[in-house]
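Below is protein07.cif, which holds mmCIF, C-alpha atoms.
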data_target
loop_
_atom_site.label_atom_id
_atom_site.label_comp_id
_atom_site.auth_asym_id
_atom_site.auth_seq_id
_atom_site.Cartn_x
_atom_site.Cartn_y
_atom_site.Cartn_z
CA MET N 192 112.60 48.15 75.12
CA GLY N 193 110.88 51.55 75.36
CA ARG N 194 110.76 51.41 79.14
CA ASN N 195 114.41 50.55 79.43
CA GLU N 196 115.48 53.44 77.19
CA ALA N 197 113.34 55.94 79.08
CA ALA N 198 114.67 54.73 82.44
CA HIS N 199 118.30 55.23 81.41
CA ALA N 200 117.88 58.55 79.60
CA SER N 201 119.65 61.52 81.14
CA ALA N 202 117.70 64.41 82.61
CA SER N 203 118.50 66.72 79.71
CA ASP N 204 117.28 64.18 77.15
CA VAL N 205 113.98 63.55 78.91
CA SER N 206 112.74 67.12 78.68
CA GLY N 207 113.42 67.32 74.95
CA ASP N 208 113.33 70.69 73.28
CA THR N 209 113.20 73.26 76.09
CA GLU N 210 112.67 76.98 75.98
CA GLU N 211 113.56 79.43 78.70
CA PHE N 212 110.66 81.22 80.37
CA ASP N 213 110.30 84.72 78.91
CA PRO N 214 107.98 86.88 81.04
CA ILE N 215 107.86 89.80 78.59
CA GLY N 216 104.41 88.85 77.27
CA THR N 217 102.98 88.50 80.77
CA LEU N 218 104.45 91.82 81.87
CA THR N 219 103.07 93.47 78.75
CA LEU N 220 99.57 92.20 79.46
CA ILE N 221 99.77 93.31 83.09
CA GLY N 222 100.94 96.74 81.91
CA ILE N 223 98.08 97.04 79.42
CA TYR N 224 95.53 96.03 82.07
CA PHE N 225 97.04 98.53 84.51
CA VAL N 226 96.83 101.34 81.94
CA ILE N 227 93.19 100.48 81.21
CA LEU N 228 92.46 100.47 84.95
CA VAL N 229 94.10 103.86 85.48
CA LEU N 230 92.36 105.42 82.47
CA SER N 231 89.02 104.05 83.65
CA TRP N 232 89.59 105.40 87.15
CA VAL N 233 90.51 108.86 85.84
CA TYR N 234 87.47 108.91 83.55
CA ILE N 235 85.10 107.88 86.35
CA TYR N 236 86.72 110.40 88.72
CA TYR N 237 86.03 113.25 86.32
CA ILE N 238 82.47 112.06 85.66
CA GLU N 239 81.57 111.54 89.33
CA PHE N 240 83.36 114.36 91.10
CA LEU N 241 84.24 117.12 88.67
CA GLY N 242 81.03 116.97 86.67
CA ARG N 243 79.00 118.31 89.60
CA ASP N 244 78.82 121.81 91.04
CA LEU N 245 80.58 122.37 94.31
CA ILE N 246 78.16 122.35 97.24
CA VAL N 247 79.19 123.78 100.58
CA VAL N 248 77.11 122.40 103.42
CA GLY N 249 77.11 124.36 106.65
#

Can the structure from this file be put into structure tokens for me?
Amino acid sequence: MGRNEAAHASASDVSGDTEEFDPIGTLTLIGIYFVILVLSWVYIYYIEFLGRDLIVVG
């Protein structure tokens, strides 16, 4: 009996309780990672390049 009911169920009944995909959480995480990446790059830039004296070769 269970097989017969599942075979004749409509497409909307088979999926049950559905939620729409909400990408806000994913976009938030990507944004946070991007901000961390940019801040890390700026910090390393200042440590590597601006922390040294300027040397003119020539």

Tell me, in Å to one decimal, how far atom CA of N:Glu211 is from atom CA of N:Phe225.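 We find that atom CA of N:Glu211 and atom CA of N:Phe225 lie 25.9 Å from each other.
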
Extending 5 Å beyond the listed atoms of stretch 210-219 of chain N on each side, what axis-aligned box results? I want centre and edge lengths in Å to one decimal, as lines of an AutoDock Vina configuration file.
center_x = 108.3
center_y = 85.2
center_z = 78.9
size_x = 20.6
size_y = 26.5
size_z = 15.9

In Å, how far is it from atom CA of N:Glu210 to atom CA of N:Tyr224? 26.3 Å

Enter the distance from atom CA of N:Ile221 to atom CA of N:Leu241, in Å, rounded to one decimal. 29.0 Å
